[in-house]
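Next comes input.cif, with mmCIF, C-alpha atoms.
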```
data_work
#
loop_
_atom_site.label_atom_id
_atom_site.label_comp_id
_atom_site.auth_asym_id
_atom_site.auth_seq_id
_atom_site.Cartn_x
_atom_site.Cartn_y
_atom_site.Cartn_z
CA MET R 1 0.76 4.88 -2.60
CA VAL R 2 0.07 8.06 -0.67
CA ASN R 3 1.37 8.83 2.82
CA PRO R 4 2.49 12.46 3.20
CA PRO R 5 4.27 14.47 4.47
CA THR R 6 7.28 12.31 3.54
CA SER R 7 6.36 9.24 1.49
CA GLN R 8 9.57 7.24 0.86
CA TYR R 9 11.74 10.35 0.62
CA ALA R 10 12.49 11.74 4.05
CA GLU R 11 13.06 15.31 2.86
CA ASN R 12 9.85 15.49 0.83
CA TRP R 13 8.28 17.98 3.23
CA ARG R 14 11.27 20.37 2.95
CA ASN R 15 11.60 20.36 -0.83
CA PRO R 16 10.34 23.50 -2.60
CA LEU R 17 8.80 21.35 -5.35
CA SER R 18 6.58 19.53 -2.86
CA ARG R 19 3.14 20.72 -1.77
CA ALA R 20 2.67 21.35 1.94
CA ASP R 21 -1.13 21.39 2.18
CA TRP R 22 -1.39 17.64 2.92
CA LEU R 23 -3.88 18.30 5.75
CA SER R 24 -6.37 19.75 3.26
CA GLY R 25 -8.96 18.00 1.18
CA ALA R 26 -7.65 19.79 -1.91
CA PHE R 27 -4.27 18.02 -1.63
CA HIS R 28 -5.85 14.57 -1.85
CA ALA R 29 -8.56 15.48 -4.34
CA ASP R 30 -6.07 17.14 -6.71
CA LEU R 31 -3.70 14.17 -6.47
CA ALA R 32 -6.47 11.66 -7.13
CA ARG R 33 -7.60 13.62 -10.18
CA THR R 34 -4.03 13.67 -11.52
CA LEU R 35 -3.76 9.89 -11.12
CA GLU R 36 -7.19 9.40 -12.68
CA ARG R 37 -6.03 11.46 -15.65
CA GLY R 38 -3.16 9.00 -15.87
CA CYS R 39 -5.60 6.04 -15.82
CA PHE R 40 -4.11 4.57 -12.64
CA ASP R 41 -6.00 1.54 -11.33
CA MET R 42 -6.04 2.86 -7.79
CA ILE R 43 -4.83 5.38 -5.25
CA PHE R 44 -4.31 3.90 -1.81
CA PHE R 45 -3.69 5.47 1.55
CA ALA R 46 -1.19 4.06 4.03
CA ASP R 47 -1.84 4.29 7.77
CA ALA R 48 -0.51 3.62 11.25
CA LEU R 49 -2.16 4.16 14.61
CA ALA R 50 0.66 5.86 16.53
CA VAL R 51 3.48 8.34 16.06
CA PRO R 52 6.58 6.11 15.77
CA GLU R 53 8.70 5.98 18.91
CA ASP R 54 12.37 5.38 19.62
CA GLY R 55 13.73 2.70 21.93
CA ALA R 56 12.87 4.76 25.00
CA GLY R 57 9.26 5.25 23.92
CA ASP R 58 9.81 8.89 22.89
CA TYR R 59 8.21 10.32 19.76
CA ALA R 60 10.18 13.59 19.70
CA THR R 61 12.59 12.58 16.93
CA THR R 62 9.77 11.53 14.62
CA LEU R 63 7.90 14.81 15.08
CA ARG R 64 10.93 17.08 14.88
CA THR R 65 12.20 15.47 11.66
CA ALA R 66 8.82 14.80 10.02
CA GLY R 67 9.54 11.10 10.19
CA LYS R 68 7.28 8.70 8.35
CA GLY R 69 4.15 8.38 10.49
CA ALA R 70 4.35 11.83 12.03
CA ILE R 71 1.02 12.66 10.34
CA TYR R 72 -1.76 10.30 9.29
CA LEU R 73 -5.27 11.43 8.43
CA ASP R 74 -7.85 8.68 8.76
CA PRO R 75 -7.74 6.70 5.50
CA ILE R 76 -11.49 6.01 5.45
CA ALA R 77 -12.18 9.75 5.60
CA LYS R 78 -9.71 10.37 2.76
CA ALA R 79 -11.23 7.54 0.71
CA ALA R 80 -14.70 9.04 1.07
CA LEU R 81 -13.41 12.46 0.04
CA VAL R 82 -11.66 11.05 -3.04
CA ALA R 83 -14.79 9.09 -3.96
CA GLY R 84 -16.62 12.39 -4.34
CA ALA R 85 -13.79 14.08 -6.23
CA THR R 86 -13.31 11.37 -8.88
CA SER R 87 -15.42 9.00 -10.97
CA ARG R 88 -13.23 6.11 -12.17
CA ILE R 89 -10.04 5.55 -10.16
CA GLY R 90 -10.01 2.86 -7.46
CA ILE R 91 -9.59 3.94 -3.83
CA GLY R 92 -7.77 1.89 -1.21
CA ALA R 93 -7.82 2.40 2.56
CA THR R 94 -5.54 0.77 5.14
CA VAL R 95 -7.35 -0.71 8.15
CA SER R 96 -5.77 -2.84 10.90
CA THR R 97 -7.14 -6.27 11.74
CA SER R 98 -5.47 -6.17 15.15
CA PHE R 99 -7.55 -3.39 16.64
CA VAL R 100 -10.59 -2.57 14.49
CA PRO R 101 -13.63 -4.87 14.99
CA ALA R 102 -14.54 -6.97 11.97
CA TYR R 103 -18.05 -5.49 11.79
CA ALA R 104 -16.69 -1.93 11.74
CA ILE R 105 -14.20 -2.82 9.00
CA ALA R 106 -16.90 -4.44 6.90
CA ARG R 107 -19.32 -1.53 7.20
CA GLN R 108 -16.77 1.26 6.71
CA LEU R 109 -15.23 -0.23 3.59
CA LEU R 110 -18.48 -1.38 2.03
CA SER R 111 -19.85 2.12 2.63
CA VAL R 112 -16.93 3.56 0.63
CA ASP R 113 -17.51 0.92 -2.02
CA HIS R 114 -21.14 1.98 -2.42
CA LEU R 115 -20.40 5.70 -2.31
CA SER R 116 -17.71 5.31 -4.99
CA GLY R 117 -19.77 3.04 -7.25
CA GLY R 118 -17.64 -0.05 -6.60
CA ARG R 119 -14.11 1.39 -6.50
CA ALA R 120 -12.94 0.52 -2.97
CA ALA R 121 -10.08 -1.68 -1.77
CA TRP R 122 -8.98 -2.76 1.70
CA ASN R 123 -5.24 -2.66 2.34
CA ILE R 124 -5.06 -5.29 5.10
CA VAL R 125 -2.46 -4.71 7.83
CA THR R 126 -1.93 -6.26 11.25
CA SER R 127 -0.10 -3.26 12.81
CA THR R 128 3.42 -3.78 14.12
CA THR R 129 4.30 -1.64 17.14
CA ASP R 130 3.68 -1.45 20.87
CA ALA R 131 2.88 2.25 20.44
CA GLU R 132 -0.12 1.38 18.25
CA ALA R 133 -1.28 -1.29 20.68
CA ARG R 134 -1.13 1.09 23.65
CA ASN R 135 -3.08 3.75 21.78
CA LEU R 136 -5.86 1.21 21.35
CA GLY R 137 -5.89 0.10 24.99
CA HIS R 138 -3.59 -2.94 24.83
CA ALA R 139 -0.46 -3.60 26.87
CA GLY R 140 1.63 -4.32 23.78
CA ILE R 141 1.60 -5.70 20.28
CA ALA R 142 1.00 -9.42 19.85
CA ALA R 143 3.60 -11.71 18.27
CA PRO R 144 3.55 -11.82 14.46
CA ALA R 145 2.05 -15.32 14.26
CA GLU R 146 -0.75 -14.36 16.64
CA ARG R 147 -1.45 -11.18 14.67
CA TYR R 148 -1.76 -13.11 11.43
CA ASP R 149 -3.96 -15.76 13.03
CA ARG R 150 -6.32 -13.01 14.13
CA ALA R 151 -6.10 -11.41 10.68
CA ASP R 152 -7.20 -14.68 9.09
CA GLU R 153 -10.29 -14.75 11.32
CA VAL R 154 -11.06 -11.05 10.81
CA VAL R 155 -10.80 -11.26 7.03
CA ARG R 156 -12.96 -14.40 6.98
CA THR R 157 -15.58 -12.65 9.13
CA VAL R 158 -15.52 -9.45 7.07
CA GLY R 159 -16.01 -11.49 3.91
CA GLU R 160 -19.00 -13.30 5.38
CA LEU R 161 -20.52 -10.00 6.49
CA TRP R 162 -20.10 -8.61 2.97
CA ARG R 163 -21.96 -11.68 1.71
CA SER R 164 -24.63 -11.65 4.43
CA TRP R 165 -26.96 -10.03 1.88
CA GLU R 166 -27.43 -12.16 -1.22
CA PRO R 167 -26.96 -10.19 -4.48
CA ASP R 168 -30.70 -9.82 -5.08
CA ALA R 169 -31.80 -9.34 -1.47
CA LEU R 170 -32.55 -5.63 -1.87
CA VAL R 171 -35.91 -5.82 -3.69
CA HIS R 172 -37.07 -2.19 -3.38
CA ASP R 173 -40.49 -3.05 -4.82
CA ARG R 174 -42.68 0.00 -4.19
CA SER R 175 -45.83 -1.48 -5.68
CA ARG R 176 -45.75 -4.55 -3.43
CA GLY R 177 -44.37 -2.67 -0.46
CA VAL R 178 -41.35 -4.97 -0.15
CA PHE R 179 -38.05 -3.28 0.59
CA ALA R 180 -35.78 -6.30 1.17
CA ASP R 181 -36.26 -10.05 1.18
CA ALA R 182 -35.34 -11.11 4.72
CA ALA R 183 -34.98 -14.72 3.57
CA ARG R 184 -32.00 -13.62 1.48
CA VAL R 185 -30.25 -11.81 4.34
CA HIS R 186 -28.39 -14.02 6.78
CA ARG R 187 -26.54 -14.12 10.05
CA ILE R 188 -22.99 -15.45 9.88
CA ASP R 189 -21.11 -18.16 11.73
CA GLY R 190 -18.25 -16.90 13.88
CA GLU R 191 -17.13 -15.47 17.20
CA LEU R 192 -16.30 -11.96 15.98
CA SER R 193 -19.75 -11.00 14.68
CA ARG R 194 -23.16 -12.50 14.06
CA GLY R 195 -24.38 -10.11 11.36
CA PRO R 196 -26.09 -9.35 9.16
CA LEU R 197 -24.43 -6.18 7.89
CA THR R 198 -26.49 -3.02 7.48
CA LEU R 199 -25.58 -2.82 3.78
CA PRO R 200 -26.30 -4.93 0.69
CA GLN R 201 -23.57 -5.98 -1.69
CA SER R 202 -21.92 -3.25 -3.77
CA PRO R 203 -21.63 -2.88 -7.56
CA GLN R 204 -18.41 -4.93 -7.49
CA GLY R 205 -19.73 -7.31 -4.83
CA HIS R 206 -17.26 -6.25 -2.17
CA PRO R 207 -14.03 -4.23 -1.89
CA VAL R 208 -10.84 -5.62 -3.41
CA LEU R 209 -8.46 -7.24 -0.88
CA MET R 210 -4.90 -5.92 -0.85
CA GLN R 211 -1.98 -6.99 1.36
CA ALA R 212 1.71 -6.15 1.70
CA GLY R 213 3.26 -8.62 4.15
CA SER R 214 6.64 -9.93 2.95
CA SER R 215 7.55 -12.32 5.78
CA PRO R 216 6.91 -16.06 5.23
CA ARG R 217 3.70 -15.78 7.26
CA GLY R 218 2.73 -12.65 5.37
CA ARG R 219 3.23 -14.40 2.04
CA ALA R 220 1.06 -17.30 3.20
CA PHE R 221 -1.64 -14.80 4.20
CA ALA R 222 -1.42 -13.11 0.79
CA ALA R 223 -1.73 -16.44 -1.00
CA ARG R 224 -4.93 -17.18 0.92
CA TRP R 225 -6.72 -13.85 0.70
CA ALA R 226 -5.13 -11.14 -1.45
CA GLU R 227 -6.30 -10.04 -4.87
CA VAL R 228 -3.53 -7.43 -4.97
CA VAL R 229 -0.12 -8.01 -3.38
CA PHE R 230 2.18 -5.07 -2.67
CA ALA R 231 5.68 -6.53 -3.07
CA ILE R 232 9.20 -5.18 -2.75
CA GLY R 233 11.98 -6.91 -4.69
CA ASP R 234 15.57 -5.71 -4.88
CA SER R 235 16.29 -7.38 -8.23
CA PRO R 236 14.28 -8.78 -11.16
CA GLU R 237 15.21 -12.30 -10.06
CA GLU R 238 13.94 -11.68 -6.53
CA MET R 239 10.74 -10.13 -7.93
CA ARG R 240 10.10 -13.17 -10.14
CA GLU R 241 10.72 -15.60 -7.28
CA LEU R 242 8.33 -13.78 -4.94
CA ARG R 243 5.61 -13.62 -7.60
CA ARG R 244 6.05 -17.33 -8.40
CA GLU R 245 5.95 -18.30 -4.72
CA ILE R 246 2.71 -16.43 -4.00
CA ARG R 247 1.02 -17.76 -7.13
CA ASP R 248 2.11 -21.34 -6.36
CA ARG R 249 0.94 -21.10 -2.77
CA ALA R 250 -2.42 -19.71 -3.85
CA ARG R 251 -2.94 -22.56 -6.32
CA LEU R 252 -1.57 -25.45 -4.25
CA ASP R 253 -2.65 -24.45 -0.73
CA HIS R 254 -5.99 -22.78 -1.43
CA GLY R 255 -7.14 -23.89 -4.88
CA ARG R 256 -7.14 -20.32 -6.15
CA ASP R 257 -6.60 -19.24 -9.73
CA PRO R 258 -3.15 -17.60 -9.63
CA ASP R 259 -4.14 -15.29 -12.48
CA ALA R 260 -6.70 -13.73 -10.13
CA ILE R 261 -3.80 -12.32 -8.05
CA ARG R 262 -1.95 -9.18 -9.12
CA VAL R 263 1.59 -8.98 -7.66
CA LEU R 264 2.62 -5.33 -7.89
CA GLN R 265 6.20 -4.24 -7.30
CA GLY R 266 6.88 -1.00 -5.44
CA VAL R 267 9.04 1.49 -7.35
CA GLN R 268 10.13 5.09 -6.90
CA PRO R 269 10.42 6.79 -10.31
CA VAL R 270 12.58 9.86 -10.85
CA VAL R 271 11.52 11.17 -14.27
CA GLY R 272 13.32 13.65 -16.50
CA TRP R 273 12.74 14.53 -20.13
CA THR R 274 16.24 13.14 -20.71
CA ASP R 275 18.32 10.63 -18.77
CA ALA R 276 20.72 13.44 -17.85
CA GLU R 277 17.90 15.56 -16.45
CA ALA R 278 16.66 12.62 -14.38
CA ASP R 279 20.16 11.98 -13.05
CA ALA R 280 20.39 15.63 -12.04
CA LYS R 281 17.02 15.39 -10.25
CA LEU R 282 18.22 12.34 -8.34
CA ALA R 283 21.46 14.08 -7.41
CA ALA R 284 19.48 17.03 -6.06
CA LEU R 285 17.31 14.70 -3.94
CA VAL R 286 20.40 13.02 -2.51
CA ALA R 287 22.12 16.35 -1.87
CA GLN R 288 19.24 17.47 0.33
CA ILE R 289 19.81 14.52 2.70
CA ASP R 290 22.07 15.36 5.62
CA LEU R 291 24.02 12.33 6.90
CA PRO R 292 23.81 13.16 10.64
CA SER R 293 20.05 13.67 10.29
CA ALA R 294 19.69 10.45 8.28
CA LEU R 295 21.64 8.55 10.96
CA GLU R 296 19.39 10.00 13.65
CA LYS R 297 16.29 8.81 11.79
CA LEU R 298 17.77 5.35 11.25
CA ALA R 299 18.70 5.13 14.93
CA ARG R 300 15.10 5.92 15.84
CA LEU R 301 13.84 3.25 13.45
CA LEU R 302 16.22 0.63 14.87
CA HIS R 303 15.75 1.74 18.50
CA ALA R 304 19.48 2.43 18.76
CA ASP R 305 21.08 5.08 20.97
CA ALA R 306 23.66 6.08 18.37
CA LEU R 307 25.05 4.65 15.16
CA ASP R 308 28.56 4.46 13.70
CA ALA R 309 28.33 5.45 10.05
CA SER R 310 31.33 3.29 9.13
CA ALA R 311 30.05 0.06 10.72
CA PRO R 312 28.73 -2.75 8.48
CA ALA R 313 24.99 -2.35 8.15
CA VAL R 314 24.28 -6.09 8.41
CA GLU R 315 25.88 -6.22 11.87
CA VAL R 316 23.88 -3.28 13.18
CA LEU R 317 20.65 -4.66 11.75
CA ALA R 318 21.30 -8.02 13.41
CA ALA R 319 21.99 -6.33 16.75
CA HIS R 320 18.64 -4.51 16.62
CA ARG R 321 16.51 -7.29 15.19
CA GLY R 322 12.81 -6.87 15.92
CA ALA R 323 12.93 -3.12 16.55
CA THR R 324 10.59 -2.20 13.67
CA GLY R 325 8.00 -4.87 14.42
CA SER R 326 8.06 -6.00 10.76
CA ILE R 327 10.02 -9.17 10.05
CA GLY R 328 9.63 -8.83 6.30
CA PHE R 329 10.88 -5.24 6.26
CA GLU R 330 13.91 -6.12 8.36
CA ASP R 331 14.67 -9.14 6.18
CA MET R 332 14.65 -6.84 3.15
CA LEU R 333 16.99 -4.32 4.81
CA ALA R 334 19.41 -7.09 5.76
CA ALA R 335 19.35 -8.76 2.35
CA VAL R 336 19.99 -5.53 0.45
CA SER R 337 22.68 -4.43 2.90
CA ALA R 338 24.48 -7.76 2.54
CA ARG R 339 24.24 -7.90 -1.25
CA ARG R 340 25.47 -4.32 -1.67
CA SER R 341 27.94 -4.35 1.27
CA LEU R 342 26.35 -1.22 2.74
CA THR R 343 27.79 0.63 5.68
CA VAL R 344 25.44 2.10 8.26
CA GLY R 345 25.95 5.48 6.62
CA ASP R 346 25.04 4.07 3.22
CA LEU R 347 21.94 2.44 4.70
CA ALA R 348 20.90 5.69 6.39
CA ILE R 349 21.13 7.62 3.11
CA GLU R 350 19.28 4.93 1.15
CA GLN R 351 16.58 4.67 3.81
CA ALA R 352 16.09 8.45 3.72
CA LEU R 353 16.06 8.49 -0.09
CA ASN R 354 13.76 5.60 -0.98
CA GLN R 355 13.52 3.16 1.94
CA LEU R 356 15.56 0.77 -0.24
CA HIS R 357 12.72 0.45 -2.74
CA PRO R 358 13.83 0.09 -6.36
CA GLN R 359 14.30 3.39 -8.17
CA LEU R 360 13.54 3.91 -11.84
CA VAL R 361 15.61 6.88 -12.99
CA GLY R 362 15.62 8.31 -16.49
CA SER R 363 13.61 9.68 -19.37
CA PRO R 364 10.06 8.42 -19.99
CA GLU R 365 11.49 6.03 -22.59
CA THR R 366 14.13 4.67 -20.20
CA ILE R 367 11.66 4.13 -17.37
CA ALA R 368 9.12 2.58 -19.73
CA ASP R 369 11.84 0.19 -20.96
CA GLU R 370 12.47 -1.00 -17.40
CA MET R 371 8.79 -1.35 -16.54
CA GLN R 372 8.04 -3.18 -19.77
CA HIS R 373 10.91 -5.60 -19.19
CA LEU R 374 9.80 -6.36 -15.61
CA PHE R 375 6.23 -6.86 -16.77
CA GLU R 376 6.99 -9.01 -19.80
CA SER R 377 9.56 -11.13 -17.91
CA GLU R 378 6.88 -11.91 -15.28
CA ALA R 379 8.67 -10.10 -12.47
CA ALA R 380 5.55 -7.98 -11.88
CA ASP R 381 1.91 -7.82 -12.91
CA GLY R 382 2.06 -4.08 -12.37
CA PHE R 383 3.56 -1.47 -10.06
CA ILE R 384 2.94 0.52 -6.91
CA VAL R 385 4.27 3.97 -7.78
CA MET R 386 5.72 5.78 -4.77
CA PRO R 387 6.70 9.43 -5.22
CA ALA R 388 9.76 11.27 -4.06
CA LEU R 389 7.81 14.55 -4.06
CA TYR R 390 4.10 15.45 -3.84
CA HIS R 391 2.61 16.09 -6.36
CA SER R 392 5.41 16.78 -8.83
CA SER R 393 6.74 13.20 -9.01
CA PHE R 394 3.28 11.89 -9.89
CA GLU R 395 2.75 14.71 -12.40
CA ASP R 396 6.06 13.89 -14.08
CA PHE R 397 5.04 10.23 -14.28
CA VAL R 398 1.55 10.93 -15.63
CA ASN R 399 2.78 13.52 -18.15
CA GLY R 400 5.83 11.54 -19.31
CA VAL R 401 5.84 7.82 -18.56
CA VAL R 402 2.12 7.06 -18.95
CA PRO R 403 1.92 8.37 -22.56
CA GLU R 404 5.02 6.34 -23.44
CA LEU R 405 3.49 3.16 -21.99
CA GLN R 406 0.27 3.92 -23.88
CA ARG R 407 2.19 4.48 -27.12
CA ARG R 408 3.69 0.99 -26.72
CA GLY R 409 0.24 -0.54 -26.25
CA ILE R 410 0.94 -1.94 -22.77
CA PHE R 411 -1.18 0.46 -20.72
CA ARG R 412 -4.79 1.59 -21.07
CA ARG R 413 -5.73 4.87 -22.72
CA ALA R 414 -9.11 4.92 -20.96
CA TYR R 415 -10.91 2.93 -18.30
CA ALA R 416 -12.90 0.08 -19.83
CA GLY R 417 -14.94 -0.81 -16.73
CA ALA R 418 -16.57 1.06 -13.89
CA THR R 419 -15.28 -0.84 -10.84
CA LEU R 420 -11.81 -1.39 -9.42
CA ARG R 421 -12.08 -5.14 -9.86
CA GLU R 422 -12.82 -4.54 -13.54
CA HIS R 423 -9.74 -2.28 -13.81
CA LEU R 424 -7.56 -5.04 -12.36
CA ALA R 425 -8.95 -7.59 -14.81
CA GLU R 426 -8.06 -5.51 -17.88
#
```
Take the structure from the file and write it as structure tokens.
Amino acid sequence: MVNPPTSQYAENWRNPLSRADWLSGAFHADLARTLERGCFDMIFFADALAVPEDGAGDYATTLRTAGKGAIYLDPIAKAALVAGATSRIGIGATVSTSFVPAYAIARQLLSVDHLSGGRAAWNIVTSTTDAEARNLGHAGIAAPAERYDRADEVVRTVGELWRSWEPDALVHDRSRGVFADAARVHRIDGELSRGPLTLPQSPQGHPVLMQAGSSPRGRAFAARWAEVVFAIGDSPEEMRELRREIRDRARLDHGRDPDAIRVLQGVQPVVGWTDAEADAKLAALVAQIDLPSALEKLARLLHADALDASAPAVEVLAAHRGATGSIGFEDMLAAVSARRSLTVGDLAIEQALNQLHPQLVGSPETIADEMQHLFESEAADGFIVMPALYHSSFEDFVNGVVPELQRRGIFRRAYAGATLREHLAE
């Protein structure tokens, strides 16, 4: 998962081990090549359509502190760039169903899929904030249920547009003078578009569908549509329960093969050549976080005027329910805060360090032990690796953890297929 300048670590942009050229093509091309060297299934780009605001509608705090969302290059542009810089790794782009027309989504992503030789994925989001809605000409963001209802219709329409050309519709017969068989290209049935698309099907048919909603409605959406689910679990038991729920819903509610869904758990690895070195790296990351600054960032996130560091986090979260626009995210914050009895100060530090995502800290062997256990105990089909620092955290992982996983025979040494969907099936 790639979303500089901060990622999940708020001080990423200030750390001397982190690259600062995240507005350049070289930053993204170099990173993609590193991950391809590590045989990653995919690199995917997060996105939002507004600079995050505080409760008064001001974006100053986000910009001054390099808050998450202060900078977002267009993910389709980055995906196209990475397609030209790599040959095997999958490439995911985040596109909102709330504001981007279905036809535009279908054409943009299928274009990347063709240009990359069948390596594209669509990270489906509904957007969550009034600031995003206003940037796109709306008075405010719709309620979550309404957003997901629209997302269902958009995804259905996009899928039909991707299939509006039958697989063999592009004839390209020079001798007969027949370019395409119009009888195998169809309009579609729906209110959002009539089709057909201006592109035939890609080498993998169509881009892989990816989704990260963790609310009950988001999980239902994932069970219906997603091939890849980006999940966040605070414990192995919670991870297993979420994976089981999505698989059961997919099978019972939609007749899908649950083994066609990959539930990937988000983790932030801190890798050292020894456990002691990794612990020292983590301590240095924590030491760079200033509590007053972390409290200011948390107050912006929760749309609070000021926060008492000693107050129970669960009480403050309840008092500012709905501020982030993401029910699932807020549920996760509340659950972790309750289980660990966090104060507001604790929550602010954890949010600045890793956004409460699970951390894997240790030597390559220690981290591989944890990943192997989660995988073999069916807590995860795989992992979304989120760095503390760009690019050094990824380089540490590729140089240390990947070879250890390969040595154990639980991770590929080379790509077997050409398309992203083939990677995911390995």
Item to check | Expansion of the PyMOL selection byres ((chain R and resi 121-129) around 8) into residues, as number ranges by chain | outcome: R: 44, 48-49, 90-98, 109, 113, 119-120, 130-133, 140-141, 147-148, 151, 207-213, 324-326, 420
Next on the checklist: What's around region 402-417 of chain R at 7 Å? Count all atoms listed in the file, leave out sequence neighbours fewer than 4 positions away in its own chain, and write the answer as a VMD selection string.
Outcome noted: chain R and resid 38 to 39 364 to 365 368 397 to 398 422 to 423
Specify as a PDB file with C-alpha atoms, in the coordinates of the input each residue included when the PyMOL selection byres ((chain R and resi 239) around 12) is applied to this file.
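Writing the result to part_31.pdb gives the following:
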```
ATOM      1  CA  SER R 214       6.640  -9.930   2.950  1.00  0.00           C
ATOM      2  CA  VAL R 229      -0.120  -8.010  -3.380  1.00  0.00           C
ATOM      3  CA  PHE R 230       2.180  -5.070  -2.670  1.00  0.00           C
ATOM      4  CA  ALA R 231       5.680  -6.530  -3.070  1.00  0.00           C
ATOM      5  CA  ILE R 232       9.200  -5.180  -2.750  1.00  0.00           C
ATOM      6  CA  GLY R 233      11.980  -6.910  -4.690  1.00  0.00           C
ATOM      7  CA  ASP R 234      15.570  -5.710  -4.880  1.00  0.00           C
ATOM      8  CA  SER R 235      16.290  -7.380  -8.230  1.00  0.00           C
ATOM      9  CA  PRO R 236      14.280  -8.780 -11.160  1.00  0.00           C
ATOM     10  CA  GLU R 237      15.210 -12.300 -10.060  1.00  0.00           C
ATOM     11  CA  GLU R 238      13.940 -11.680  -6.530  1.00  0.00           C
ATOM     12  CA  ARG R 240      10.100 -13.170 -10.140  1.00  0.00           C
ATOM     13  CA  GLU R 241      10.720 -15.600  -7.280  1.00  0.00           C
ATOM     14  CA  LEU R 242       8.330 -13.780  -4.940  1.00  0.00           C
ATOM     15  CA  ARG R 243       5.610 -13.620  -7.600  1.00  0.00           C
ATOM     16  CA  ARG R 244       6.050 -17.330  -8.400  1.00  0.00           C
ATOM     17  CA  GLU R 245       5.950 -18.300  -4.720  1.00  0.00           C
ATOM     18  CA  ILE R 246       2.710 -16.430  -4.000  1.00  0.00           C
ATOM     19  CA  VAL R 263       1.590  -8.980  -7.660  1.00  0.00           C
ATOM     20  CA  LEU R 264       2.620  -5.330  -7.890  1.00  0.00           C
ATOM     21  CA  GLN R 265       6.200  -4.240  -7.300  1.00  0.00           C
ATOM     22  CA  GLY R 266       6.880  -1.000  -5.440  1.00  0.00           C
ATOM     23  CA  VAL R 267       9.040   1.490  -7.350  1.00  0.00           C
ATOM     24  CA  HIS R 357      12.720   0.450  -2.740  1.00  0.00           C
ATOM     25  CA  PRO R 358      13.830   0.090  -6.360  1.00  0.00           C
ATOM     26  CA  LEU R 374       9.800  -6.360 -15.610  1.00  0.00           C
ATOM     27  CA  PHE R 375       6.230  -6.860 -16.770  1.00  0.00           C
ATOM     28  CA  SER R 377       9.560 -11.130 -17.910  1.00  0.00           C
ATOM     29  CA  GLU R 378       6.880 -11.910 -15.280  1.00  0.00           C
ATOM     30  CA  ALA R 379       8.670 -10.100 -12.470  1.00  0.00           C
ATOM     31  CA  ALA R 380       5.550  -7.980 -11.880  1.00  0.00           C
ATOM     32  CA  ASP R 381       1.910  -7.820 -12.910  1.00  0.00           C
ATOM     33  CA  GLY R 382       2.060  -4.080 -12.370  1.00  0.00           C
ATOM     34  CA  PHE R 383       3.560  -1.470 -10.060  1.00  0.00           C
TER      35      PHE R 383
END
```
Checklist entry - Given the file above and the PyMOL selection byres ((chain R and resi 191) around 10), which residues are selected, and can you give them as a list in words? => result Glu153, Val154, Thr157, Ile188, Asp189, Gly190, Leu192, Ser193 and Arg194 of chain R
Next on the checklist: With distances taken over all atoms listed in the file, which residue among R:Val82, R:Ala143, R:Leu307, R:Ile105 lies nearest Leu291 (chain R)?
Outcome noted: R:Leu307
Checklist entry - If you count only C-alpha atoms, which residues fall within 12 Å of Arg251 (chain R), apart from same-chain ones fewer than 3 positions away, as number ranges by chain? => result R: 220, 222-225, 244-248, 254-261
Checklist entry - Counting all atoms listed in the file, what is within 12 Å of Thr65 (chain R), bar same-chain residues fewer than 2 positions away, as a PyMOL selection string? => result chain R and resi 5-6+10-14+52+59-63+67-71+289-290+292-298+300+352
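Atom pair CA of Thr198 (chain R) / CA of His172 (chain R): separated by 15.2 Å.
Neighbouring residues of region 274-283 of chain R at 8 Å or closer, counting only C-alpha atoms and skipping chain neighbours under 6 positions away, are Val361, Gly362, Ser363, Pro364 and Thr366 of chain R.
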Can you list, as a PDB file with C-alpha atoms, in the coordinates of the input, every protein, DNA or RNA residue that comes within 8 Å of Ala304 (chain R) when you count all atoms listed in the file, leaving out same-chain residues fewer than 3 positions away?
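Output saved as result.pdb:
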```
ATOM      1  CA  ASP R  54      12.370   5.380  19.620  1.00  0.00           C
ATOM      2  CA  GLY R  55      13.730   2.700  21.930  1.00  0.00           C
ATOM      3  CA  ALA R 299      18.700   5.130  14.930  1.00  0.00           C
ATOM      4  CA  ARG R 300      15.100   5.920  15.840  1.00  0.00           C
ATOM      5  CA  LEU R 301      13.840   3.250  13.450  1.00  0.00           C
ATOM      6  CA  LEU R 307      25.050   4.650  15.160  1.00  0.00           C
ATOM      7  CA  HIS R 320      18.640  -4.510  16.620  1.00  0.00           C
TER       8      HIS R 320
END
```
Checklist entry - Rounded to one decimal in Å, what is the spacing between CA of His186 (chain R) and CA of Ser164 (chain R)? => result 5.0 Å
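The two atoms in question, CA of Pro75 (chain R) and CA of Asp47 (chain R), are spaced 6.8 Å apart.
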